[in-house]
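S.K.: Here it is, the structure in full.
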Amino acid sequence: MVQMEQIPAKTILSPDLGGKWFGGNYNMNLYKGCCHGCIYCDSRSECYGVEEFDRVRVKKDALLLLERELRSKTKSGVVCMGAMSDPYNPFEREQMLTRGALALIHRYRFGAAFATKSDLAVRDMDLLCKISRHSPVVCKLTITAASDELSQKVEPNVCASSKRWAAVRAFSKAGLFTGVLLMPVLPFIEDSDENILGIIHLAQENGAHFIYPSFGVTLRDNQRAWFLERLEQVFPGSGLREQYIREFGNAYSCASPRAERLWTLFQKECQKAGILYQMKDIIRASRERVAVSQTSLFE
């Protein structure tokens, strides 16, 4: 097993979200840093204070801390993973911290919601199915490009979109509540009708229950500098760097100039496909599935 640097941690769970983000009540990051190399990552921003962001480290005694915290809670809830560091980074294959955490989440009757760009998550299908029988489970795969070619340009060190679609299909077939994080949609790169319609079509084809979008990207300090530099490298001669500077300057929120049209198109097509896209509807559906599952146990 690869020996990874351990960093000290006092806690693993942070009370957060108030149930507003996919029904989550707690946030959890077992790892620090990320090696995906995505050109747009907000977690690279200076405000988060993650030095050497591209180097993944593990939190010392993470599972011991997590068990202690779960055991001490007087009220269960949904534990969210993937806000700052992908729970299924390449090192998880050997480290198995996320799998260990899911086993504890199941033991103490909590729910789980994770966001990832890796098909490695399918490995933990058995635990996720067990959790789903007593608590909400929300499987979220970030997919922002319908084509593998484009996905591997903007997210160079993760599996191609097609492999993530296969994971969506596997989770859905297993009866897990599964969907797509369509964020960020990069202006002038991913904000075409063709890309958005392609994602909706593939979501329907692979059994996704929801798509949650953001038609734009946020850029600040370290993140902006990294992003603009990568535009030059990944799309040489395209003029994209100058286009971003001209269109957005130093703005934090960089909405696609086509956002309004895309939103109208997106809503119409999702409704036709029977795909949820409003947060309140996604949360309600995730909870209803638990109620149905629990009822079926006594039939």
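Order determines the names: the first chain of the structure tokens is A, the second B, and so forth; residues in each chain are numbered 1 upward, and ligands are numbered 1 upward as they are shown.
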Just the residues within 12 Å of Thr74 in chain A, please, counting only C-alpha atoms, with nothing from its chain fewer than 2 positions along; format it as a compact mmCIF listing (two decimals) with all heavy atoms, in the first residue's frame.
M.R.:
# COMPACT_ATOMS: atom_id res chain seq x y z
N GLU A 69 -17.41 10.44 16.62
CA GLU A 69 -18.37 11.51 16.39
C GLU A 69 -19.76 10.97 16.06
O GLU A 69 -20.77 11.49 16.55
CB GLU A 69 -17.86 12.43 15.27
CG GLU A 69 -16.63 13.22 15.69
CD GLU A 69 -16.08 14.06 14.55
OE1 GLU A 69 -16.85 14.87 13.99
OE2 GLU A 69 -14.89 13.90 14.22
N LEU A 70 -19.83 9.93 15.24
CA LEU A 70 -21.13 9.35 14.92
C LEU A 70 -21.80 8.77 16.16
O LEU A 70 -23.01 8.93 16.37
CB LEU A 70 -20.97 8.25 13.86
CG LEU A 70 -20.57 8.70 12.46
CD1 LEU A 70 -20.30 7.48 11.57
CD2 LEU A 70 -21.64 9.57 11.82
N ARG A 71 -21.01 8.13 16.99
CA ARG A 71 -21.54 7.51 18.21
C ARG A 71 -22.08 8.56 19.18
O ARG A 71 -23.03 8.32 19.92
CB ARG A 71 -20.45 6.67 18.88
CG ARG A 71 -20.94 5.76 20.00
CD ARG A 71 -19.83 4.82 20.45
NE ARG A 71 -18.64 5.55 20.83
CZ ARG A 71 -17.40 5.26 20.43
NH1 ARG A 71 -17.20 4.25 19.60
NH2 ARG A 71 -16.37 5.96 20.84
N SER A 72 -21.48 9.75 19.15
CA SER A 72 -21.85 10.78 20.12
C SER A 72 -23.07 11.60 19.68
O SER A 72 -23.64 12.34 20.49
CB SER A 72 -20.67 11.73 20.35
OG SER A 72 -20.42 12.52 19.19
N SER A 76 -29.44 11.42 14.13
CA SER A 76 -28.76 11.02 12.90
C SER A 76 -29.02 12.06 11.80
O SER A 76 -29.75 13.03 12.01
CB SER A 76 -29.23 9.64 12.45
OG SER A 76 -30.60 9.69 12.08
N GLY A 77 -28.45 11.83 10.65
CA GLY A 77 -28.62 12.76 9.53
C GLY A 77 -27.88 12.21 8.33
O GLY A 77 -27.42 11.06 8.33
N TYR A 108 -24.15 3.16 12.33
CA TYR A 108 -24.79 4.12 13.22
C TYR A 108 -26.04 4.75 12.62
O TYR A 108 -26.55 5.74 13.14
CB TYR A 108 -23.76 5.19 13.64
CG TYR A 108 -22.70 4.60 14.56
CD1 TYR A 108 -21.47 4.21 14.06
CD2 TYR A 108 -22.96 4.41 15.91
CE1 TYR A 108 -20.51 3.64 14.89
CE2 TYR A 108 -22.01 3.84 16.75
CZ TYR A 108 -20.79 3.46 16.23
OH TYR A 108 -19.84 2.89 17.07
N ARG A 109 -26.50 4.17 11.53
CA ARG A 109 -27.81 4.51 10.95
C ARG A 109 -27.90 5.96 10.47
O ARG A 109 -28.89 6.65 10.68
CB ARG A 109 -28.94 4.23 11.95
CG ARG A 109 -28.87 2.86 12.60
CD ARG A 109 -29.29 1.75 11.68
NE ARG A 109 -30.74 1.72 11.46
CZ ARG A 109 -31.38 0.75 10.80
NH1 ARG A 109 -30.67 -0.23 10.25
NH2 ARG A 109 -32.68 0.79 10.62
N PHE A 110 -26.86 6.41 9.80
CA PHE A 110 -26.86 7.71 9.15
C PHE A 110 -27.09 7.51 7.65
O PHE A 110 -27.00 6.38 7.14
CB PHE A 110 -25.54 8.45 9.38
CG PHE A 110 -25.42 9.09 10.73
CD1 PHE A 110 -25.32 8.31 11.89
CD2 PHE A 110 -25.41 10.47 10.88
CE1 PHE A 110 -25.22 8.90 13.14
CE2 PHE A 110 -25.31 11.07 12.12
CZ PHE A 110 -25.21 10.28 13.25
S.K.: Based on the backbone DSSP call, show me all residues of range 163-214 of chain A assigned strand (DSSP E or B), as a list in words.
M.R.: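 Residues meeting the strand (DSSP E or B) criterion: Phe177, Thr178, Gly179, Val180, Leu181, Leu182, Phe210, Ile211, Tyr212 and Pro213 of chain A.
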S.K.: Could you save those same residues with N, CA and C atoms as a CSV table (one decimal), in the first residue's frame?
M.R.:
chain,number,residue,atom,x,y,z
A,177,PHE,N,-30.7,6.2,-5.5
A,177,PHE,CA,-31.1,7.5,-6.0
A,177,PHE,C,-29.8,8.2,-6.6
A,178,THR,N,-29.8,8.4,-7.9
A,178,THR,CA,-28.6,8.8,-8.6
A,178,THR,C,-28.8,9.9,-9.5
A,179,GLY,N,-27.8,10.8,-9.6
A,179,GLY,CA,-27.9,11.9,-10.6
A,179,GLY,C,-26.6,12.5,-10.9
A,180,VAL,N,-26.7,13.6,-11.6
A,180,VAL,CA,-25.6,14.3,-12.2
A,180,VAL,C,-25.4,15.7,-11.7
A,181,LEU,N,-24.2,16.1,-11.3
A,181,LEU,CA,-23.9,17.5,-11.0
A,181,LEU,C,-23.4,18.1,-12.3
A,182,LEU,N,-24.1,18.9,-12.9
A,182,LEU,CA,-23.8,19.6,-14.1
A,182,LEU,C,-23.2,20.9,-13.8
A,210,PHE,N,-31.9,12.7,-11.5
A,210,PHE,CA,-31.8,14.2,-11.4
A,210,PHE,C,-30.6,14.7,-12.1
A,211,ILE,N,-30.6,16.0,-12.4
A,211,ILE,CA,-29.5,16.7,-12.9
A,211,ILE,C,-29.5,18.1,-12.2
A,212,TYR,N,-28.5,18.5,-11.5
A,212,TYR,CA,-28.4,19.8,-10.8
A,212,TYR,C,-27.4,20.6,-11.5
A,213,PRO,N,-27.8,21.7,-12.2
A,213,PRO,CA,-26.9,22.5,-13.0
A,213,PRO,C,-26.4,23.8,-12.4
S.K.: Please list as a list in words every residue within 10 Å of range 231-236 of chain A, counting only C-alpha atoms and excluding residues in the same chain fewer than 3 positions away.
M.R.: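 The residues satisfying every condition are Ile39, Tyr40, Lys153, Val154, Pro156, Ile189, Trp226, Phe227, Leu228, Gly239, Leu240, Arg241, Glu242 and Tyr244 of chain A.
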S.K.: Restrict the selected residues to C-alpha atoms and save them as a PDB file, in the first residue's frame.
M.R.:
ATOM      1  CA  ILE A  39      -8.918  23.330 -14.917  1.00  0.00           C
ATOM      2  CA  TYR A  40     -11.779  25.026 -13.038  1.00  0.00           C
ATOM      3  CA  LYS A 153      -9.429  18.274 -21.636  1.00  0.00           C
ATOM      4  CA  VAL A 154     -11.118  20.035 -18.707  1.00  0.00           C
ATOM      5  CA  PRO A 156      -7.496  15.506 -17.308  1.00  0.00           C
ATOM      6  CA  ILE A 189     -16.496  25.778 -23.812  1.00  0.00           C
ATOM      7  CA  TRP A 226      -4.699  28.564 -12.602  1.00  0.00           C
ATOM      8  CA  PHE A 227      -7.758  28.514 -14.877  1.00  0.00           C
ATOM      9  CA  LEU A 228      -6.498  31.191 -17.276  1.00  0.00           C
ATOM     10  CA  GLY A 239      -8.308  33.048 -27.676  1.00  0.00           C
ATOM     11  CA  LEU A 240     -10.341  31.718 -24.736  1.00  0.00           C
ATOM     12  CA  ARG A 241      -8.074  33.309 -22.137  1.00  0.00           C
ATOM     13  CA  GLU A 242      -8.533  36.760 -23.643  1.00  0.00           C
ATOM     14  CA  TYR A 244     -12.653  35.352 -20.352  1.00  0.00           C
TER      15      TYR A 244
END
S.K.: Using only C-alpha atoms, find the one residue out of A:Ile283, A:Ala255, A:Ala115, A:Leu141 that sits nearest to Phe22 in chain A.
M.R.: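 Between A:Ile283, A:Ala255, A:Ala115, A:Leu141, the residue approaching Phe22 in chain A most closely is A:Ile283.
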S.K.: To test your reading of the structure, identify every residue in range 73-123 of chain A that backbone DSSP assigns to helix (DSSP H, G or I), and report it as a list in words.
M.R.: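 Across range 73-123 of chain A, those assigned helix (DSSP H, G or I) are Glu92, Arg93, Glu94, Gln95, Leu97, Thr98, Arg99, Gly100, Ala101, Leu102, Ala103, Leu104, Ile105, His106, Arg107, Asp119, Leu120, Ala121, Val122 and Arg123 of chain A.
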S.K.: Would you write out those residues with all heavy atoms, as a short mmCIF file (atom, residue, chain, number, x, y, z; two decimals), in the first residue's frame?
M.R.:
data_model
loop_
_atom_site.label_atom_id
_atom_site.label_comp_id
_atom_site.auth_asym_id
_atom_site.auth_seq_id
_atom_site.Cartn_x
_atom_site.Cartn_y
_atom_site.Cartn_z
N GLU A 92 -7.84 6.13 -2.88
CA GLU A 92 -8.90 5.43 -2.16
C GLU A 92 -8.95 3.95 -2.52
O GLU A 92 -9.36 3.11 -1.72
CB GLU A 92 -10.25 6.10 -2.42
CG GLU A 92 -11.47 5.33 -1.97
CD GLU A 92 -11.54 5.07 -0.48
OE1 GLU A 92 -10.85 5.78 0.30
OE2 GLU A 92 -12.29 4.16 -0.07
N ARG A 93 -8.48 3.61 -3.71
CA ARG A 93 -8.49 2.21 -4.14
C ARG A 93 -7.74 1.34 -3.13
O ARG A 93 -8.15 0.20 -2.84
CB ARG A 93 -7.88 2.07 -5.53
CG ARG A 93 -8.14 0.74 -6.20
CD ARG A 93 -7.62 0.75 -7.63
NE ARG A 93 -8.26 1.74 -8.44
CZ ARG A 93 -9.45 1.60 -9.03
NH1 ARG A 93 -10.11 0.46 -8.87
NH2 ARG A 93 -9.97 2.56 -9.76
N GLU A 94 -6.63 1.86 -2.59
CA GLU A 94 -5.86 1.12 -1.60
C GLU A 94 -6.20 1.54 -0.17
O GLU A 94 -6.29 0.70 0.73
CB GLU A 94 -4.36 1.32 -1.84
CG GLU A 94 -3.82 0.61 -3.05
CD GLU A 94 -2.29 0.66 -3.08
OE1 GLU A 94 -1.69 1.36 -2.25
OE2 GLU A 94 -1.72 -0.02 -3.94
N GLN A 95 -6.38 2.82 0.05
CA GLN A 95 -6.59 3.32 1.41
C GLN A 95 -7.93 2.88 2.00
O GLN A 95 -8.05 2.61 3.18
CB GLN A 95 -6.50 4.85 1.43
CG GLN A 95 -5.17 5.42 0.97
CD GLN A 95 -4.03 5.05 1.89
OE1 GLN A 95 -4.18 4.99 3.12
NE2 GLN A 95 -2.86 4.79 1.31
N LEU A 97 -10.53 4.43 2.86
CA LEU A 97 -11.09 5.24 3.95
C LEU A 97 -12.57 5.53 3.71
O LEU A 97 -13.38 5.50 4.65
CB LEU A 97 -10.32 6.55 4.08
CG LEU A 97 -8.93 6.51 4.71
CD1 LEU A 97 -8.33 7.90 4.75
CD2 LEU A 97 -9.00 5.92 6.12
N THR A 98 -12.92 5.83 2.48
CA THR A 98 -14.32 6.12 2.18
C THR A 98 -15.18 4.88 2.41
O THR A 98 -16.28 4.97 2.98
CB THR A 98 -14.47 6.62 0.73
OG1 THR A 98 -13.72 7.83 0.58
CG2 THR A 98 -15.93 6.88 0.39
N ARG A 99 -14.67 3.73 2.01
CA ARG A 99 -15.42 2.49 2.27
C ARG A 99 -15.58 2.26 3.78
O ARG A 99 -16.65 1.89 4.25
CB ARG A 99 -14.74 1.30 1.61
CG ARG A 99 -15.54 0.01 1.82
CD ARG A 99 -15.08 -1.12 0.95
NE ARG A 99 -15.87 -2.33 1.23
CZ ARG A 99 -17.06 -2.58 0.72
NH1 ARG A 99 -17.60 -1.72 -0.14
NH2 ARG A 99 -17.71 -3.68 1.02
N GLY A 100 -14.51 2.50 4.52
CA GLY A 100 -14.59 2.35 5.97
C GLY A 100 -15.58 3.31 6.58
O GLY A 100 -16.33 2.97 7.51
N ALA A 101 -15.61 4.53 6.05
CA ALA A 101 -16.55 5.54 6.55
C ALA A 101 -17.99 5.12 6.26
O ALA A 101 -18.87 5.28 7.12
CB ALA A 101 -16.25 6.89 5.92
N LEU A 102 -18.25 4.58 5.08
CA LEU A 102 -19.60 4.14 4.74
C LEU A 102 -20.05 3.01 5.66
O LEU A 102 -21.23 2.93 6.05
CB LEU A 102 -19.67 3.70 3.29
CG LEU A 102 -19.59 4.82 2.25
CD1 LEU A 102 -19.48 4.24 0.84
CD2 LEU A 102 -20.79 5.76 2.34
N ALA A 103 -19.13 2.12 6.01
CA ALA A 103 -19.48 1.03 6.93
C ALA A 103 -19.90 1.60 8.29
O ALA A 103 -20.87 1.11 8.90
CB ALA A 103 -18.30 0.08 7.09
N LEU A 104 -19.20 2.63 8.76
CA LEU A 104 -19.56 3.26 10.03
C LEU A 104 -20.89 4.02 9.90
O LEU A 104 -21.72 4.00 10.82
CB LEU A 104 -18.45 4.21 10.47
CG LEU A 104 -17.14 3.55 10.90
CD1 LEU A 104 -16.05 4.60 11.09
CD2 LEU A 104 -17.33 2.74 12.18
N ILE A 105 -21.07 4.69 8.79
CA ILE A 105 -22.32 5.42 8.56
C ILE A 105 -23.50 4.44 8.60
O ILE A 105 -24.56 4.75 9.17
CB ILE A 105 -22.24 6.17 7.21
CG1 ILE A 105 -21.33 7.40 7.37
CG2 ILE A 105 -23.62 6.58 6.72
CD1 ILE A 105 -20.94 8.05 6.06
N HIS A 106 -23.32 3.28 8.01
CA HIS A 106 -24.37 2.26 8.06
C HIS A 106 -24.58 1.75 9.49
O HIS A 106 -25.72 1.63 9.96
CB HIS A 106 -23.99 1.11 7.13
CG HIS A 106 -24.88 -0.09 7.26
ND1 HIS A 106 -26.26 -0.02 7.19
CD2 HIS A 106 -24.59 -1.40 7.49
CE1 HIS A 106 -26.78 -1.22 7.35
NE2 HIS A 106 -25.78 -2.08 7.54
N ARG A 107 -23.49 1.47 10.18
CA ARG A 107 -23.60 0.93 11.55
C ARG A 107 -24.37 1.86 12.47
O ARG A 107 -25.18 1.41 13.28
CB ARG A 107 -22.21 0.67 12.13
CG ARG A 107 -22.23 0.05 13.53
CD ARG A 107 -20.85 0.00 14.14
NE ARG A 107 -19.89 -0.69 13.28
CZ ARG A 107 -18.57 -0.73 13.52
NH1 ARG A 107 -18.07 -0.08 14.55
NH2 ARG A 107 -17.78 -1.37 12.70
N ASP A 119 -15.47 6.42 -11.28
CA ASP A 119 -16.31 5.22 -11.29
C ASP A 119 -15.91 4.23 -10.20
O ASP A 119 -16.56 3.20 -10.02
CB ASP A 119 -16.28 4.56 -12.67
CG ASP A 119 -14.87 4.17 -13.12
OD1 ASP A 119 -13.88 4.58 -12.47
OD2 ASP A 119 -14.76 3.46 -14.15
N LEU A 120 -14.85 4.52 -9.45
CA LEU A 120 -14.47 3.68 -8.32
C LEU A 120 -15.60 3.58 -7.30
O LEU A 120 -15.70 2.60 -6.56
CB LEU A 120 -13.20 4.24 -7.65
CG LEU A 120 -12.72 3.54 -6.37
CD1 LEU A 120 -12.41 2.07 -6.63
CD2 LEU A 120 -11.49 4.25 -5.81
N ALA A 121 -16.48 4.57 -7.27
CA ALA A 121 -17.57 4.57 -6.30
C ALA A 121 -18.45 3.32 -6.43
O ALA A 121 -19.05 2.88 -5.44
CB ALA A 121 -18.42 5.82 -6.49
N VAL A 122 -18.50 2.73 -7.61
CA VAL A 122 -19.33 1.53 -7.82
C VAL A 122 -18.85 0.39 -6.91
O VAL A 122 -19.64 -0.48 -6.54
CB VAL A 122 -19.31 1.13 -9.30
CG1 VAL A 122 -20.06 -0.19 -9.54
CG2 VAL A 122 -19.92 2.23 -10.16
N ARG A 123 -17.59 0.40 -6.55
CA ARG A 123 -17.06 -0.63 -5.65
C ARG A 123 -17.87 -0.74 -4.37
O ARG A 123 -18.02 -1.83 -3.79
CB ARG A 123 -15.59 -0.27 -5.31
CG ARG A 123 -14.92 -1.21 -4.32
CD ARG A 123 -13.70 -0.55 -3.69
NE ARG A 123 -14.08 0.58 -2.83
CZ ARG A 123 -13.21 1.41 -2.25
NH1 ARG A 123 -11.90 1.26 -2.48
NH2 ARG A 123 -13.63 2.39 -1.47
#
S.K.: Set the distance at 7 Å and use only C-alpha atoms: which residues neighbour Met28 in chain A once local chain neighbours fewer than 6 positions away are removed? I'd like the list as a list in words.
M.R.: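 Near neighbours after the sequence-gap exclusion: Ile12, Leu13, Ser14, Val79, Cys80 and Met81 of chain A.
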S.K.: Check the smallest atom-to-atom distance from each of A:Arg258, A:Arg164, A:Lys140, A:Arg287 to Pro187 in chain A using only C-alpha atoms, then report the winner.
M.R.: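 Result for the nearest residue to Pro187 in chain A: A:Arg258.
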S.K.: As a list in words, please: the residues near Glu149 in chain A (cut-off 12 Å, only C-alpha atoms, same-chain neighbours under 2 positions excluded).
M.R.: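 Residues meeting the cut-off are Thr144, Ala145, Ala146, Ser147, Ser151, Gln152, Lys153, Val154, Glu155, Pro156, Cys159, Ala160, Ser161, Ser162, Glu190 and Val234 of chain A.
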S.K.: Output the selection as a PDB file, in the first residue's frame - N, CA and C atoms for each residue.
M.R.:
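Output saved as out.pdb:
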ATOM      1  N   THR A 144     -19.739  17.269 -16.782  1.00  0.00           N
ATOM      2  CA  THR A 144     -19.985  18.579 -17.391  1.00  0.00           C
ATOM      3  C   THR A 144     -19.811  18.578 -18.903  1.00  0.00           C
ATOM      4  N   ALA A 145     -19.314  17.476 -19.441  1.00  0.00           N
ATOM      5  CA  ALA A 145     -19.092  17.384 -20.887  1.00  0.00           C
ATOM      6  C   ALA A 145     -19.676  16.080 -21.399  1.00  0.00           C
ATOM      7  N   ALA A 146     -20.525  16.171 -22.408  1.00  0.00           N
ATOM      8  CA  ALA A 146     -21.129  14.960 -22.966  1.00  0.00           C
ATOM      9  C   ALA A 146     -20.086  14.089 -23.659  1.00  0.00           C
ATOM     10  N   SER A 147     -19.096  14.704 -24.283  1.00  0.00           N
ATOM     11  CA  SER A 147     -18.089  13.943 -25.028  1.00  0.00           C
ATOM     12  C   SER A 147     -16.880  13.634 -24.166  1.00  0.00           C
ATOM     13  N   SER A 151     -14.308  16.165 -21.971  1.00  0.00           N
ATOM     14  CA  SER A 151     -14.172  15.915 -20.528  1.00  0.00           C
ATOM     15  C   SER A 151     -12.708  15.709 -20.153  1.00  0.00           C
ATOM     16  N   GLN A 152     -11.942  15.064 -21.017  1.00  0.00           N
ATOM     17  CA  GLN A 152     -10.556  14.787 -20.670  1.00  0.00           C
ATOM     18  C   GLN A 152      -9.654  15.996 -20.876  1.00  0.00           C
ATOM     19  N   LYS A 153     -10.159  17.016 -21.556  1.00  0.00           N
ATOM     20  CA  LYS A 153      -9.429  18.274 -21.636  1.00  0.00           C
ATOM     21  C   LYS A 153      -9.615  19.101 -20.366  1.00  0.00           C
ATOM     22  N   VAL A 154     -10.846  19.169 -19.864  1.00  0.00           N
ATOM     23  CA  VAL A 154     -11.118  20.035 -18.707  1.00  0.00           C
ATOM     24  C   VAL A 154     -10.928  19.310 -17.379  1.00  0.00           C
ATOM     25  N   GLU A 155     -10.937  17.974 -17.418  1.00  0.00           N
ATOM     26  CA  GLU A 155     -10.753  17.155 -16.206  1.00  0.00           C
ATOM     27  C   GLU A 155      -9.742  16.054 -16.528  1.00  0.00           C
ATOM     28  N   PRO A 156      -8.470  16.406 -16.673  1.00  0.00           N
ATOM     29  CA  PRO A 156      -7.496  15.506 -17.308  1.00  0.00           C
ATOM     30  C   PRO A 156      -7.150  14.234 -16.548  1.00  0.00           C
ATOM     31  N   CYS A 159     -11.524   9.660 -14.851  1.00  0.00           N
ATOM     32  CA  CYS A 159     -12.048   8.818 -15.921  1.00  0.00           C
ATOM     33  C   CYS A 159     -12.947   9.630 -16.848  1.00  0.00           C
ATOM     34  N   ALA A 160     -13.040   9.209 -18.074  1.00  0.00           N
ATOM     35  CA  ALA A 160     -13.831   9.913 -19.082  1.00  0.00           C
ATOM     36  C   ALA A 160     -15.311   9.908 -18.714  1.00  0.00           C
ATOM     37  N   SER A 161     -16.042  10.832 -19.316  1.00  0.00           N
ATOM     38  CA  SER A 161     -17.474  10.929 -19.044  1.00  0.00           C
ATOM     39  C   SER A 161     -18.185   9.597 -19.257  1.00  0.00           C
ATOM     40  N   SER A 162     -17.814   8.852 -20.288  1.00  0.00           N
ATOM     41  CA  SER A 162     -18.509   7.594 -20.582  1.00  0.00           C
ATOM     42  C   SER A 162     -18.419   6.611 -19.422  1.00  0.00           C
ATOM     43  N   GLU A 190     -18.401  24.749 -22.727  1.00  0.00           N
ATOM     44  CA  GLU A 190     -19.393  23.694 -22.492  1.00  0.00           C
ATOM     45  C   GLU A 190     -20.828  24.195 -22.590  1.00  0.00           C
ATOM     46  N   VAL A 234      -4.498  24.091 -22.681  1.00  0.00           N
ATOM     47  CA  VAL A 234      -5.433  23.067 -23.148  1.00  0.00           C
ATOM     48  C   VAL A 234      -6.084  23.444 -24.478  1.00  0.00           C
TER      49      VAL A 234
END
S.K.: Mind pulling up the distance from CA of Asp221 in chain A to CA of Glu46 in chain A?
M.R.: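 Answer for the CA of Glu46 in chain A to CA of Asp221 in chain A separation: 6.4 Å.
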S.K.: Quick check, in Å to one decimal: how far apart do CA of Lys280 in chain A and CA of Gly23 in chain A lie?
M.R.: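 Distance reported for this atom pair: 8.9 Å.
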S.K.: Record the distance separating CA of Ala166 in chain A and CA of Ser192 in chain A, expressed in Å with one decimal.
M.R.: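 According to the coordinates, CA of Ala166 in chain A and CA of Ser192 in chain A are separated by 23.3 Å.
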S.K.: Which residues are close to Phe215 in chain A, i.e. within 9 Å by only C-alpha atoms, leaving aside same-chain residues fewer than 4 positions away? Reply as a short mmCIF file (atom, residue, chain, number, x, y, z; two decimals) with N, CA, C and O atoms, in the first residue's frame.
M.R.:
data_model
loop_
_atom_site.label_atom_id
_atom_site.label_comp_id
_atom_site.auth_asym_id
_atom_site.auth_seq_id
_atom_site.Cartn_x
_atom_site.Cartn_y
_atom_site.Cartn_z
N LEU A 182 -24.15 18.89 -12.89
CA LEU A 182 -23.76 19.56 -14.14
C LEU A 182 -23.19 20.93 -13.78
O LEU A 182 -23.79 21.96 -14.01
N MET A 183 -22.02 20.89 -13.17
CA MET A 183 -21.41 22.13 -12.70
C MET A 183 -19.92 21.97 -12.52
O MET A 183 -19.47 20.93 -12.03
N PRO A 184 -19.15 22.98 -12.93
CA PRO A 184 -19.60 24.17 -13.65
C PRO A 184 -19.77 23.88 -15.14
O PRO A 184 -19.11 23.00 -15.69
N VAL A 185 -20.65 24.65 -15.77
CA VAL A 185 -20.74 24.64 -17.22
C VAL A 185 -19.90 25.82 -17.70
O VAL A 185 -20.26 26.98 -17.51
N LEU A 186 -18.75 25.53 -18.27
CA LEU A 186 -17.78 26.57 -18.60
C LEU A 186 -18.24 27.41 -19.79
O LEU A 186 -18.48 26.87 -20.88
N PRO A 187 -18.35 28.73 -19.60
CA PRO A 187 -18.73 29.61 -20.72
C PRO A 187 -17.77 29.45 -21.91
O PRO A 187 -16.56 29.29 -21.72
N ASP A 191 -21.02 25.48 -22.85
CA ASP A 191 -22.37 26.06 -22.78
C ASP A 191 -23.09 26.08 -24.12
O ASP A 191 -23.84 27.02 -24.43
N CYS A 254 -19.07 34.06 -12.87
CA CYS A 254 -18.93 34.20 -14.32
C CYS A 254 -20.01 33.35 -14.99
O CYS A 254 -19.78 32.20 -15.39
N ALA A 255 -21.21 33.91 -15.07
CA ALA A 255 -22.32 33.19 -15.68
C ALA A 255 -22.17 33.16 -17.19
O ALA A 255 -21.69 34.11 -17.80
N SER A 256 -22.58 32.05 -17.78
CA SER A 256 -22.56 31.98 -19.23
C SER A 256 -23.46 33.06 -19.83
O SER A 256 -24.58 33.28 -19.35
N ARG A 258 -25.11 32.72 -22.21
CA ARG A 258 -26.25 31.97 -22.72
C ARG A 258 -27.08 31.33 -21.60
O ARG A 258 -27.94 30.47 -21.86
N ALA A 259 -26.81 31.71 -20.36
CA ALA A 259 -27.42 31.04 -19.20
C ALA A 259 -28.94 31.03 -19.26
O ALA A 259 -29.58 30.02 -18.97
N GLU A 260 -29.54 32.16 -19.61
CA GLU A 260 -31.00 32.24 -19.62
C GLU A 260 -31.59 31.29 -20.65
O GLU A 260 -32.55 30.55 -20.37
N LEU A 262 -30.10 28.65 -21.91
CA LEU A 262 -29.80 27.28 -21.52
C LEU A 262 -30.74 26.79 -20.44
O LEU A 262 -31.18 25.63 -20.45
N TRP A 263 -31.06 27.66 -19.48
CA TRP A 263 -31.96 27.28 -18.40
C TRP A 263 -33.34 26.92 -18.94
O TRP A 263 -33.96 25.93 -18.53
#
